[in-house]
$ cat structure22.cif   # mmCIF, C-alpha atoms
data_final
loop_
_atom_site.label_atom_id
_atom_site.label_comp_id
_atom_site.auth_asym_id
_atom_site.auth_seq_id
_atom_site.Cartn_x
_atom_site.Cartn_y
_atom_site.Cartn_z
CA MET X 1 2.25 -86.35 -51.93
CA LEU X 2 3.95 -89.74 -51.65
CA ILE X 3 2.17 -92.74 -53.07
CA GLN X 4 2.02 -95.62 -50.59
CA ARG X 5 3.08 -98.89 -52.19
CA GLY X 6 2.85 -102.31 -50.63
CA GLY X 7 -0.74 -103.12 -49.70
CA LEU X 8 -3.05 -104.64 -52.28
CA LYS X 9 -5.10 -102.27 -54.45
CA VAL X 10 -8.23 -103.92 -55.83
CA VAL X 11 -9.93 -102.31 -58.81
CA ALA X 12 -13.68 -103.08 -58.70
CA GLY X 13 -15.21 -102.89 -62.17
CA LEU X 14 -13.33 -102.70 -65.45
CA GLY X 15 -14.46 -100.63 -68.44
CA ILE X 16 -12.49 -97.59 -69.61
CA SER X 17 -11.65 -96.05 -66.24
CA GLY X 18 -11.01 -99.44 -64.60
CA VAL X 19 -8.49 -100.43 -67.28
CA ALA X 20 -6.72 -97.07 -66.87
CA ALA X 21 -6.63 -97.55 -63.08
CA VAL X 22 -5.21 -101.08 -63.28
CA ASN X 23 -2.52 -100.04 -65.75
CA PHE X 24 -1.59 -96.90 -63.81
CA LEU X 25 -1.26 -98.78 -60.51
CA HIS X 26 0.71 -101.58 -62.16
CA GLU X 27 3.10 -99.12 -63.85
CA HIS X 28 3.66 -97.42 -60.49
CA SER X 29 4.68 -100.67 -58.79
CA TYR X 30 1.57 -101.27 -56.74
CA ARG X 31 0.29 -104.74 -55.98
CA VAL X 32 -2.96 -104.71 -57.94
CA ALA X 33 -5.87 -107.06 -58.60
CA VAL X 34 -9.18 -106.56 -60.41
CA THR X 35 -12.66 -108.03 -60.06
CA ASP X 36 -15.79 -107.59 -62.17
CA SER X 37 -19.24 -109.18 -62.11
CA ARG X 38 -19.10 -109.77 -65.87
CA LYS X 39 -17.42 -112.94 -67.20
CA THR X 40 -15.60 -111.07 -69.97
CA PRO X 41 -15.63 -107.41 -68.94
CA PRO X 42 -14.78 -104.78 -71.58
CA GLY X 43 -11.06 -104.01 -71.67
CA HIS X 44 -9.95 -107.24 -69.94
CA GLU X 45 -7.47 -107.90 -72.77
CA GLN X 46 -5.75 -104.53 -72.13
CA ILE X 47 -4.49 -105.29 -68.62
CA PRO X 48 -1.07 -106.83 -67.82
CA ALA X 49 -0.87 -110.63 -67.67
CA ASP X 50 0.58 -110.65 -64.14
CA VAL X 51 -2.39 -108.78 -62.63
CA GLN X 52 -4.66 -111.06 -60.58
CA THR X 53 -8.19 -111.16 -62.05
CA SER X 54 -11.48 -112.51 -60.73
CA PHE X 55 -14.36 -112.24 -63.19
CA GLY X 56 -17.94 -113.52 -63.27
CA GLN X 57 -18.94 -112.02 -59.93
CA LEU X 58 -17.51 -109.38 -57.59
CA ASP X 59 -15.00 -111.35 -55.52
CA GLN X 60 -15.92 -110.64 -51.89
CA GLU X 61 -12.86 -112.45 -50.54
CA LEU X 62 -10.51 -110.46 -52.78
CA LEU X 63 -12.18 -107.15 -51.87
CA LEU X 64 -11.72 -107.90 -48.15
CA GLN X 65 -7.97 -108.44 -48.71
CA ALA X 66 -7.58 -104.95 -50.15
CA GLU X 67 -5.67 -102.11 -48.53
CA GLU X 68 -7.82 -99.87 -50.75
CA ILE X 69 -10.56 -100.42 -53.35
CA VAL X 70 -10.63 -98.31 -56.51
CA ILE X 71 -14.25 -98.41 -57.62
CA SER X 72 -15.52 -97.96 -61.16
CA PRO X 73 -18.00 -95.05 -61.47
CA GLY X 74 -20.52 -97.53 -62.92
CA LEU X 75 -20.63 -99.49 -59.64
CA ASP X 76 -22.87 -98.23 -56.88
CA PRO X 77 -20.92 -98.09 -53.58
CA LYS X 78 -24.13 -99.20 -51.81
CA ILE X 79 -23.92 -102.75 -53.21
CA PRO X 80 -23.39 -105.42 -50.50
CA GLU X 81 -19.87 -106.47 -51.58
CA ILE X 82 -18.57 -102.88 -51.30
CA GLN X 83 -20.51 -102.18 -48.09
CA ALA X 84 -18.94 -105.29 -46.49
CA ALA X 85 -15.46 -103.89 -47.29
CA ILE X 86 -16.39 -100.45 -45.93
CA ALA X 87 -17.64 -102.12 -42.74
CA GLN X 88 -14.13 -103.60 -42.34
CA GLY X 89 -12.61 -100.10 -42.60
CA ILE X 90 -11.28 -100.58 -46.14
CA PRO X 91 -11.22 -97.23 -48.01
CA VAL X 92 -13.18 -97.08 -51.28
CA VAL X 93 -11.98 -94.36 -53.67
CA SER X 94 -12.42 -93.23 -57.27
CA GLU X 95 -9.73 -93.12 -59.94
CA ILE X 96 -9.95 -89.32 -59.55
CA GLN X 97 -8.69 -89.70 -55.96
CA ILE X 98 -5.70 -91.72 -57.26
CA LEU X 99 -4.93 -88.94 -59.78
CA ARG X 100 -5.10 -86.26 -57.08
CA ARG X 101 -2.50 -88.15 -55.02
CA ALA X 102 -0.29 -88.71 -58.04
CA THR X 103 0.05 -85.09 -59.21
CA ASP X 104 0.60 -81.64 -57.77
CA LYS X 105 -0.47 -79.98 -61.04
CA PRO X 106 -3.58 -77.73 -60.96
CA ILE X 107 -6.96 -79.26 -61.79
CA VAL X 108 -9.91 -77.45 -63.37
CA ALA X 109 -12.92 -79.48 -62.18
CA ILE X 110 -16.26 -79.30 -64.00
CA THR X 111 -19.56 -80.96 -63.18
CA GLY X 112 -23.27 -80.26 -63.59
CA SER X 113 -26.40 -82.02 -64.76
CA ASN X 114 -25.90 -80.65 -68.28
CA ALA X 115 -23.37 -79.00 -70.59
CA LYS X 116 -20.32 -80.32 -68.73
CA SER X 117 -18.87 -82.01 -71.83
CA THR X 118 -19.27 -78.85 -73.92
CA VAL X 119 -17.73 -76.65 -71.21
CA THR X 120 -14.88 -79.10 -70.54
CA THR X 121 -14.03 -79.34 -74.23
CA LEU X 122 -14.30 -75.58 -74.79
CA ILE X 123 -12.16 -74.53 -71.80
CA GLY X 124 -9.67 -77.22 -72.86
CA LEU X 125 -9.46 -75.64 -76.32
CA MET X 126 -9.14 -72.16 -74.80
CA ALA X 127 -6.23 -73.33 -72.65
CA LYS X 128 -4.56 -75.08 -75.61
CA ASP X 129 -5.03 -72.05 -77.88
CA ALA X 130 -3.47 -69.90 -75.15
CA GLY X 131 -0.34 -72.07 -75.26
CA LYS X 132 -0.92 -74.24 -72.16
CA LYS X 133 0.17 -77.89 -72.09
CA VAL X 134 -3.21 -79.25 -71.09
CA ALA X 135 -4.80 -82.70 -70.68
CA VAL X 136 -8.59 -82.95 -71.00
CA GLY X 137 -10.69 -85.94 -69.93
CA GLY X 138 -12.22 -87.71 -66.94
CA ASN X 139 -15.86 -88.56 -67.54
CA LEU X 140 -15.37 -87.37 -71.13
CA GLY X 141 -12.98 -88.90 -73.65
CA ARG X 142 -9.83 -90.22 -72.00
CA PRO X 143 -9.97 -91.51 -68.41
CA ALA X 144 -8.27 -89.32 -65.81
CA LEU X 145 -5.36 -91.67 -65.02
CA ASP X 146 -4.55 -92.07 -68.72
CA LEU X 147 -3.94 -88.30 -68.89
CA THR X 148 -0.89 -88.57 -66.62
CA LYS X 149 1.07 -89.97 -69.59
CA ASP X 150 0.93 -86.50 -71.19
CA ASP X 151 2.70 -84.89 -68.20
CA PRO X 152 0.55 -81.76 -68.61
CA GLU X 153 0.92 -78.48 -66.72
CA LEU X 154 -2.86 -78.41 -66.23
CA TYR X 155 -5.65 -81.01 -65.98
CA ILE X 156 -9.18 -80.16 -67.13
CA LEU X 157 -11.59 -82.79 -65.87
CA GLU X 158 -15.25 -83.45 -66.50
CA LEU X 159 -16.53 -85.23 -63.40
CA SER X 160 -19.77 -87.13 -62.90
CA SER X 161 -21.70 -87.46 -59.65
CA PHE X 162 -20.71 -91.15 -59.71
CA GLN X 163 -17.00 -90.24 -59.73
CA LEU X 164 -17.41 -87.52 -57.13
CA GLU X 165 -19.23 -89.63 -54.54
CA THR X 166 -15.96 -91.51 -53.87
CA THR X 167 -13.63 -88.50 -54.25
CA SER X 168 -12.51 -86.45 -51.24
CA ASN X 169 -10.52 -83.20 -51.01
CA LEU X 170 -9.96 -82.77 -54.72
CA ASN X 171 -8.30 -79.40 -53.96
CA ALA X 172 -9.08 -78.13 -57.46
CA GLU X 173 -7.55 -74.88 -58.67
CA VAL X 174 -11.06 -73.88 -59.77
CA ALA X 175 -14.32 -75.85 -59.71
CA VAL X 176 -17.82 -75.33 -61.06
CA VAL X 177 -21.22 -77.01 -60.79
CA LEU X 178 -22.76 -75.64 -64.01
CA ASN X 179 -26.40 -76.41 -63.19
CA MET X 180 -28.53 -78.84 -61.20
CA SER X 181 -31.64 -80.68 -62.36
CA GLU X 182 -33.08 -84.10 -61.58
CA ASP X 183 -30.84 -86.91 -62.81
CA HIS X 184 -29.57 -90.29 -61.57
CA LEU X 185 -32.16 -90.33 -58.77
CA ASP X 186 -32.28 -94.09 -59.25
CA ARG X 187 -28.68 -94.13 -57.90
CA HIS X 188 -28.59 -91.19 -55.47
CA GLY X 189 -32.07 -91.67 -53.99
CA ASP X 190 -33.23 -88.05 -54.11
CA MET X 191 -32.10 -84.54 -55.07
CA PHE X 192 -30.34 -84.10 -51.73
CA GLY X 193 -28.18 -87.18 -52.36
CA TYR X 194 -27.44 -86.04 -55.91
CA HIS X 195 -26.63 -82.48 -54.77
CA THR X 196 -24.35 -83.80 -52.00
CA ALA X 197 -22.38 -85.92 -54.49
CA LYS X 198 -21.98 -83.05 -56.98
CA HIS X 199 -20.84 -80.56 -54.33
CA ARG X 200 -17.96 -82.80 -53.22
CA ILE X 201 -16.16 -81.14 -56.16
CA PHE X 202 -15.67 -78.05 -53.95
CA GLN X 203 -13.77 -79.81 -51.13
CA GLY X 204 -10.50 -77.89 -50.69
CA VAL X 205 -11.17 -75.74 -53.77
CA LYS X 206 -8.99 -72.62 -54.32
CA LYS X 207 -11.42 -70.65 -56.56
CA VAL X 208 -15.12 -71.11 -57.34
CA VAL X 209 -17.24 -70.40 -60.41
CA PHE X 210 -21.02 -70.66 -59.98
CA ASN X 211 -24.20 -70.10 -61.99
CA ARG X 212 -26.14 -67.25 -60.38
CA ASP X 213 -29.28 -68.34 -62.30
CA ASP X 214 -29.26 -71.63 -60.35
CA SER X 215 -29.04 -71.33 -56.56
CA LEU X 216 -28.19 -75.05 -56.24
CA THR X 217 -24.78 -74.46 -57.85
CA ARG X 218 -23.46 -72.03 -55.23
CA PRO X 219 -21.28 -73.86 -52.70
CA LEU X 220 -20.82 -73.36 -48.99
CA VAL X 221 -17.12 -72.47 -48.88
CA PRO X 222 -15.06 -70.17 -46.63
CA ASP X 223 -15.67 -66.42 -47.18
CA THR X 224 -12.01 -66.09 -48.17
CA THR X 225 -12.48 -68.33 -51.26
CA PRO X 226 -12.51 -66.18 -54.44
CA MET X 227 -15.86 -66.62 -56.24
CA GLN X 228 -17.02 -65.50 -59.67
CA SER X 229 -20.46 -65.96 -61.21
CA PHE X 230 -21.96 -66.25 -64.68
CA GLY X 231 -25.58 -65.88 -65.72
CA LEU X 232 -27.97 -64.86 -68.48
CA ASN X 233 -28.58 -61.37 -67.14
CA ALA X 234 -26.69 -58.09 -66.74
CA PRO X 235 -23.60 -58.83 -64.63
CA ASP X 236 -22.32 -56.94 -61.60
CA LEU X 237 -18.79 -55.58 -61.67
CA ASN X 238 -16.20 -58.34 -62.40
CA GLN X 239 -18.92 -60.96 -63.05
CA TYR X 240 -19.90 -62.53 -66.40
CA GLY X 241 -23.29 -62.13 -68.06
CA ILE X 242 -25.10 -60.58 -71.02
CA LEU X 243 -25.97 -57.03 -72.05
CA LYS X 244 -28.77 -56.46 -74.56
CA GLU X 245 -29.18 -53.53 -76.95
CA ASP X 246 -32.55 -52.07 -77.96
CA ASN X 247 -32.26 -53.68 -81.40
CA GLY X 248 -32.02 -57.14 -79.79
CA THR X 249 -28.24 -57.57 -80.14
CA MET X 250 -26.90 -59.68 -77.26
CA TRP X 251 -23.36 -59.19 -75.95
CA LEU X 252 -21.31 -61.49 -73.73
CA ALA X 253 -20.02 -59.13 -71.05
CA ARG X 254 -17.78 -58.82 -68.00
CA GLY X 255 -19.34 -56.19 -65.78
CA ARG X 256 -20.15 -53.29 -68.11
CA GLU X 257 -17.54 -54.32 -70.69
CA ARG X 258 -18.96 -55.77 -73.90
CA LEU X 259 -16.77 -58.67 -75.02
CA LEU X 260 -18.40 -60.47 -77.97
CA LYS X 261 -21.72 -60.41 -79.81
CA SER X 262 -23.52 -63.72 -79.27
CA ALA X 263 -24.14 -63.78 -83.05
CA ASP X 264 -20.35 -63.99 -83.59
CA MET X 265 -20.18 -67.37 -81.83
CA TYR X 266 -20.41 -70.43 -84.06
CA ILE X 267 -22.56 -72.31 -81.51
CA GLN X 268 -25.98 -70.70 -81.07
CA GLY X 269 -28.77 -70.74 -78.48
CA THR X 270 -28.95 -69.09 -75.06
CA HIS X 271 -27.77 -72.29 -73.36
CA ASN X 272 -24.52 -72.04 -75.33
CA VAL X 273 -24.13 -68.38 -74.32
CA ALA X 274 -24.27 -69.60 -70.70
CA ASN X 275 -21.65 -72.27 -71.51
CA ALA X 276 -19.37 -69.65 -73.08
CA LEU X 277 -19.69 -67.36 -70.05
CA ALA X 278 -18.83 -70.25 -67.71
CA CYS X 279 -15.69 -70.91 -69.75
CA LEU X 280 -14.64 -67.26 -69.65
CA ALA X 281 -14.93 -67.28 -65.86
CA LEU X 282 -13.02 -70.57 -65.56
CA GLY X 283 -10.37 -69.26 -67.96
CA GLU X 284 -9.93 -66.08 -65.95
CA ALA X 285 -9.44 -68.19 -62.80
CA ILE X 286 -6.45 -69.97 -64.39
CA GLY X 287 -5.02 -66.85 -66.02
CA LEU X 288 -5.94 -67.34 -69.69
CA PRO X 289 -5.79 -64.13 -71.78
CA LEU X 290 -9.27 -62.77 -72.57
CA ASP X 291 -8.51 -61.95 -76.24
CA SER X 292 -7.35 -65.52 -76.90
CA MET X 293 -10.45 -67.01 -75.21
CA LEU X 294 -12.77 -64.84 -77.33
CA GLU X 295 -11.01 -65.96 -80.53
CA THR X 296 -11.57 -69.62 -79.55
CA LEU X 297 -15.26 -68.87 -78.93
CA LYS X 298 -15.74 -67.61 -82.49
CA THR X 299 -14.66 -70.91 -84.04
CA PHE X 300 -15.73 -73.62 -81.55
CA LYS X 301 -18.27 -75.81 -83.36
CA GLY X 302 -19.70 -77.67 -80.36
CA LEU X 303 -19.84 -81.43 -79.79
CA GLU X 304 -21.46 -84.33 -81.57
CA HIS X 305 -24.89 -85.29 -80.12
CA ARG X 306 -25.06 -82.06 -78.10
CA CYS X 307 -27.55 -79.77 -79.89
CA GLU X 308 -25.56 -80.56 -83.04
CA PHE X 309 -26.93 -79.04 -86.25
CA VAL X 310 -27.47 -81.87 -88.76
CA LYS X 311 -28.95 -80.23 -91.89
CA GLU X 312 -31.75 -78.09 -93.23
CA VAL X 313 -34.56 -79.75 -95.25
CA HIS X 314 -37.20 -77.50 -96.91
CA GLY X 315 -36.38 -74.65 -94.54
CA VAL X 316 -36.61 -76.85 -91.41
CA ARG X 317 -33.41 -77.23 -89.35
CA TYR X 318 -32.72 -80.60 -87.68
CA TYR X 319 -30.74 -80.86 -84.41
CA ASN X 320 -29.24 -83.95 -82.77
CA ASP X 321 -29.25 -83.57 -78.97
CA SER X 322 -29.14 -87.30 -78.21
CA LYS X 323 -26.85 -86.50 -75.24
CA GLY X 324 -29.93 -84.81 -73.73
CA THR X 325 -30.54 -87.74 -71.38
CA ASN X 326 -32.22 -85.75 -68.59
CA ILE X 327 -34.92 -83.10 -68.23
CA GLY X 328 -32.49 -80.23 -67.62
CA ALA X 329 -30.61 -80.87 -70.86
CA THR X 330 -33.84 -81.08 -72.84
CA LEU X 331 -35.20 -77.87 -71.29
CA ALA X 332 -31.97 -76.07 -72.23
CA ALA X 333 -32.32 -77.29 -75.84
CA ILE X 334 -36.05 -76.43 -76.17
CA ASP X 335 -35.64 -73.00 -74.57
CA GLY X 336 -32.38 -72.20 -76.40
CA LEU X 337 -33.66 -73.12 -79.87
CA GLY X 338 -37.26 -72.05 -79.21
CA ALA X 339 -36.24 -68.52 -78.23
CA ALA X 340 -33.95 -68.26 -81.27
CA ILE X 341 -36.70 -69.13 -83.82
CA GLU X 342 -39.59 -67.36 -82.06
CA PRO X 343 -39.06 -64.01 -83.85
CA LYS X 344 -39.69 -65.80 -87.20
CA GLN X 345 -42.79 -67.59 -85.81
CA GLY X 346 -40.83 -70.86 -85.81
CA LYS X 347 -41.79 -73.74 -83.53
CA VAL X 348 -40.06 -76.89 -82.22
CA ALA X 349 -40.99 -80.48 -83.10
CA ILE X 350 -39.34 -82.64 -80.44
CA ILE X 351 -38.66 -86.36 -80.12
CA LEU X 352 -38.87 -87.48 -76.47
CA GLY X 353 -38.60 -90.80 -74.67
CA GLY X 354 -36.56 -93.81 -73.60
CA GLN X 355 -35.73 -94.81 -70.03
CA GLY X 356 -36.81 -92.02 -67.70
CA LYS X 357 -34.63 -92.80 -64.64
CA GLY X 358 -37.38 -91.79 -62.21
CA GLN X 359 -37.54 -88.15 -63.31
CA ASP X 360 -40.60 -85.89 -63.02
CA PHE X 361 -41.48 -84.96 -66.60
CA THR X 362 -44.03 -82.30 -65.59
CA ALA X 363 -41.00 -79.97 -65.50
CA LEU X 364 -41.19 -79.94 -69.33
CA ARG X 365 -44.76 -78.59 -69.44
CA GLU X 366 -44.08 -74.86 -69.53
CA SER X 367 -41.41 -74.98 -72.25
CA LEU X 368 -43.41 -77.40 -74.41
CA SER X 369 -46.50 -75.19 -74.14
CA LYS X 370 -44.47 -72.15 -75.14
CA TYR X 371 -42.26 -73.47 -77.94
CA ALA X 372 -43.38 -76.92 -79.20
CA LYS X 373 -45.88 -77.61 -81.98
CA VAL X 374 -45.58 -81.38 -81.63
CA ALA X 375 -43.89 -83.94 -79.35
CA VAL X 376 -43.29 -87.43 -80.76
CA LEU X 377 -42.91 -90.02 -77.99
CA ILE X 378 -40.75 -93.15 -78.29
CA GLY X 379 -39.44 -95.86 -76.00
CA GLU X 380 -40.13 -97.61 -72.74
CA ASP X 381 -41.36 -94.74 -70.57
CA ARG X 382 -43.53 -92.90 -73.08
CA PRO X 383 -46.73 -93.62 -71.09
CA ILE X 384 -45.19 -91.87 -68.08
CA ILE X 385 -44.06 -88.91 -70.22
CA GLU X 386 -47.43 -88.69 -71.98
CA ALA X 387 -49.30 -88.55 -68.65
CA ALA X 388 -46.94 -85.82 -67.40
CA ILE X 389 -47.14 -83.52 -70.47
CA GLN X 390 -50.73 -84.13 -71.64
CA GLY X 391 -52.36 -80.91 -72.87
CA THR X 392 -49.13 -78.97 -73.59
CA THR X 393 -48.91 -79.64 -77.33
CA THR X 394 -49.86 -82.26 -79.94
CA LEU X 395 -48.59 -85.67 -78.76
CA LEU X 396 -47.82 -88.48 -81.22
CA HIS X 397 -46.38 -91.99 -80.76
CA ALA X 398 -43.72 -93.66 -82.90
CA GLU X 399 -42.44 -97.23 -82.75
CA SER X 400 -39.03 -96.35 -84.20
CA LEU X 401 -36.74 -93.33 -84.52
CA LYS X 402 -37.26 -93.41 -88.31
CA GLU X 403 -41.02 -93.12 -87.87
CA ALA X 404 -40.51 -90.31 -85.32
CA VAL X 405 -38.37 -88.30 -87.77
CA GLU X 406 -40.93 -88.79 -90.56
CA LEU X 407 -43.77 -87.64 -88.27
CA CYS X 408 -41.77 -84.53 -87.36
CA GLN X 409 -41.21 -83.74 -91.04
CA GLN X 410 -44.96 -84.04 -91.73
CA HIS X 411 -45.80 -81.59 -88.93
CA THR X 412 -43.21 -78.85 -89.62
CA GLN X 413 -42.73 -76.01 -92.09
CA ALA X 414 -40.03 -73.45 -92.95
CA ASN X 415 -38.45 -71.72 -89.88
CA ASP X 416 -39.39 -74.63 -87.58
CA VAL X 417 -36.80 -76.94 -86.03
CA VAL X 418 -36.88 -80.69 -85.39
CA LEU X 419 -35.07 -81.61 -82.19
CA LEU X 420 -34.05 -85.04 -80.91
CA SER X 421 -33.60 -84.37 -77.19
CA PRO X 422 -35.13 -87.39 -75.47
CA ALA X 423 -34.68 -86.40 -71.77
CA CYS X 424 -34.10 -90.14 -71.21
CA ALA X 425 -31.46 -92.86 -71.30
CA SER X 426 -31.36 -94.85 -74.54
CA PHE X 427 -30.72 -98.44 -73.46
CA ASP X 428 -34.27 -99.66 -74.13
CA MET X 429 -33.74 -99.23 -77.90
CA PHE X 430 -30.02 -98.51 -78.46
CA LYS X 431 -26.54 -99.36 -77.18
CA GLY X 432 -26.13 -95.78 -75.99
CA TYR X 433 -26.89 -92.14 -76.75
CA SER X 434 -24.28 -92.03 -79.55
CA GLU X 435 -25.95 -94.89 -81.47
CA ARG X 436 -29.30 -93.12 -81.03
CA GLY X 437 -27.77 -89.88 -82.33
CA HIS X 438 -26.09 -91.52 -85.31
CA GLN X 439 -29.36 -93.26 -86.25
CA PHE X 440 -31.18 -89.90 -86.05
CA VAL X 441 -28.59 -88.31 -88.38
CA GLU X 442 -28.99 -91.21 -90.84
CA CYS X 443 -32.80 -90.79 -90.78
CA VAL X 444 -32.52 -87.04 -91.40
CA ASN X 445 -30.08 -87.56 -94.26
CA THR X 446 -32.58 -89.85 -96.04
CA LEU X 447 -35.38 -87.26 -95.94
CA ALA X 448 -36.43 -85.94 -99.34
#
$ encode --input "structure22.cif" --output "structure tokens"
Amino acid sequence: MLIQRGGLKVVAGLGISGVAAVNFLHEHSYRVAVTDSRKTPPGHEQIPADVQTSFGQLDQELLLQAEEIVISPGLDPKIPEIQAAIAQGIPVVSEIQILRRATDKPIVAITGSNAKSTVTTLIGLMAKDAGKKVAVGGNLGRPALDLTKDDPELYILELSSFQLETTSNLNAEVAVVLNMSEDHLDRHGDMFGYHTAKHRIFQGVKKVVFNRDDSLTRPLVPDTTPMQSFGLNAPDLNQYGILKEDNGTMWLARGRERLLKSADMYIQGTHNVANALACLALGEAIGLPLDSMLETLKTFKGLEHRCEFVKEVHGVRYYNDSKGTNIGATLAAIDGLGAAIEPKQGKVAIILGGQGKGQDFTALRESLSKYAKVAVLIGEDRPIIEAAIQGTTTLLHAESLKEAVELCQQHTQANDVVLLSPACASFDMFKGYSERGHQFVECVNTLA
């Protein structure tokens, strides 16, 4: 597809993806300008000197001069400045839309409320190990337009609902919505708005992977579109799932074919079995050899802050799931670890809390009642969480993460696990989930 040069492209919002968009457009001979509400937005020093900038507020006049606005995923398209441009018929697109125009290479597109970073990284490794020249990024790691420098034969993109709401006709080679649970309702309004944004990933898709355990992930696409499912049950012919033996051994399977014992994977927990099955289905859709994918699965160690094993202290294992910023992620962690330690009478001590983003925390009740011996509440929205989960398990309050870790140590014994999976954003107490996770690891490492 030809790129139209000439009219002014205005990038709204800097940050990582905004910088990549400005530089990409500039390198490809577009007229480009950038505006940001912050006086010194992050990355401003990385853009070319001859690019027009307007910082300190979103420049309405500049936006109305645009042929097209490339909006940062952090900016809500519903803000007045962007709505005024839309009212004038000016298209507002994501950097993902610019990438789609700029390349005819196949895209593997991955979204979901949870696990998208793990699945994106794992399928990226599978493709690399199988000898593909692959570029991995998007909402994870490197911004999408930065990946074009690699001239890959295949793009593997993690995409957020924020990126997808201004992306049309992605025409992905294969796309998946891994799961759907309440998140970002403060931006999308309700679950319907959130679902609508996520499912834009399937526009023009060639092949579909969906989670048969979650009906919200199955798209409405033409009957002719090849579809493959994954799930944590016995799979039908040509689908991915699990087969269990009488002795409790769990196999990853395709139809009736046993592929790999779950115990042979480095990453553990039923949620990671689901992630592995999703990757096998995605890999099949792009022609990766099964044997090679299974070898990658045996060695993949998972991601930092995503149910990451920290250390064992007096027989208690500590896990950092600081990336668990919504209820769905936290449920996956509680259920995955809780089921794994249940045979040894182990229980979960969980640290919850932060900024709740308008979620309904009663969804945690069943899993907490089943698997948790104590929940330590921190942060801004702990009164809301406490009201929602009262009566499920012992509830304690902590004023700091250090105090929370110490309380968990006091209330656990051998075969238990301590889990930081807050189900909340972190900005009330930390710069982000990674700072929260690093602080948790430091606290655990000081335990005697």
$ resolve_selection --input "structure22.cif" --expression "the PyMOL selection byres ((chain X and resi 368) around 9)" --output "list in words"
Leu331, Ile334, Asp335, Val348, Ile350, Leu364, Arg365, Glu366, Ser367, Ser369, Lys370, Tyr371, Ala372, Lys373, Val374, Ala375, Ile389, Thr392 and Thr393 of chain X
$ resolve_selection --input "structure22.cif" --expression "the PyMOL selection byres ((chain X and resi 290-293) around 12)" --output "ChimeraX atom specification"
/X:122-132,253-254,257,259-260,265,276-289,294-300
$ atom_distance --input "structure22.cif" --atom1 "CA of Leu419 (chain X)" --atom2 "CA of Ser117 (chain X)"
19.2 Å
$ closest_residue --input "structure22.cif" --among "X:Lys78, X:Arg306, X:Arg31, X:Arg142" --to "Val19 (chain X)" --atoms "only C-alpha atoms"
X:Arg142
$ closest_residue --input "structure22.cif" --among "X:Pro343, X:Pro42, X:Gly7, X:Gly353" --to "Gln65 (chain X)" --atoms "only C-alpha atoms"
X:Gly7
$ residues_around --input "structure22.cif" --residues "Ser215 (chain X)" --least-positions-apart "2" --cutoff "12 Å" --atoms "all atoms listed in the file" --output "PDB file with C-alpha atoms, keeping the file's coordinate frame"
ATOM      1  CA  VAL X 177     -21.220 -77.010 -60.790  1.00  0.00           C
ATOM      2  CA  LEU X 178     -22.760 -75.640 -64.010  1.00  0.00           C
ATOM      3  CA  ASN X 179     -26.400 -76.410 -63.190  1.00  0.00           C
ATOM      4  CA  MET X 180     -28.530 -78.840 -61.200  1.00  0.00           C
ATOM      5  CA  SER X 181     -31.640 -80.680 -62.360  1.00  0.00           C
ATOM      6  CA  HIS X 195     -26.630 -82.480 -54.770  1.00  0.00           C
ATOM      7  CA  PHE X 210     -21.020 -70.660 -59.980  1.00  0.00           C
ATOM      8  CA  ASN X 211     -24.200 -70.100 -61.990  1.00  0.00           C
ATOM      9  CA  ARG X 212     -26.140 -67.250 -60.380  1.00  0.00           C
ATOM     10  CA  ASP X 213     -29.280 -68.340 -62.300  1.00  0.00           C
ATOM     11  CA  THR X 217     -24.780 -74.460 -57.850  1.00  0.00           C
ATOM     12  CA  ARG X 218     -23.460 -72.030 -55.230  1.00  0.00           C
ATOM     13  CA  PRO X 219     -21.280 -73.860 -52.700  1.00  0.00           C
ATOM     14  CA  LEU X 220     -20.820 -73.360 -48.990  1.00  0.00           C
ATOM     15  CA  SER X 229     -20.460 -65.960 -61.210  1.00  0.00           C
ATOM     16  CA  PHE X 230     -21.960 -66.250 -64.680  1.00  0.00           C
ATOM     17  CA  GLY X 231     -25.580 -65.880 -65.720  1.00  0.00           C
TER      18      GLY X 231
END
$ closest_atom_pairs --input "structure22.cif" --of "region 281-306 of chain X" --to "region 319-323 of chain X" --cutoff "10 Å" --atoms "all atoms listed in the file" --output "JSON lines"
{"residue": "X:Leu303", "atom": "CA", "partner": "X:Asp321", "partner_atom": "CA", "distance": 9.7}
{"residue": "X:Glu304", "atom": "CA", "partner": "X:Asn320", "partner_atom": "CA", "distance": 7.9}
{"residue": "X:His305", "atom": "CA", "partner": "X:Asp321", "partner_atom": "CA", "distance": 4.8}
{"residue": "X:Arg306", "atom": "CA", "partner": "X:Asp321", "partner_atom": "CA", "distance": 4.5}
$ closest_residue --input "structure22.cif" --among "X:Ala85, X:Phe24, X:Thr446, X:Leu62" --to "Pro48 (chain X)" --atoms "all atoms listed in the file"
X:Phe24
$ residues_around --input "structure22.cif" --residues "region 109-113 of chain X" --least-positions-apart "3" --cutoff "8 Å" --atoms "all atoms listed in the file" --output "ChimeraX atom specification"
/X:116,119-120,156-161,172-183,198,201,326,328-329
$ resolve_selection --input "structure22.cif" --expression "the PyMOL selection byres ((chain X and resi 8-18) around 6)" --output "PyMOL selection string"
chain X and resi 7+19-21+31-36+42-43+66-72+143
$ residues_around --input "structure22.cif" --residues "Ala425 (chain X)" --least-positions-apart "5" --cutoff "6 Å" --atoms "all atoms listed in the file" --output "VMD selection string"
chain X and resid 325 354 to 355
$ closest_residue --input "structure22.cif" --among "X:Ser168, X:Gln390, X:Thr148, X:Asn238" --to "Gln203 (chain X)" --atoms "only C-alpha atoms"
X:Ser168
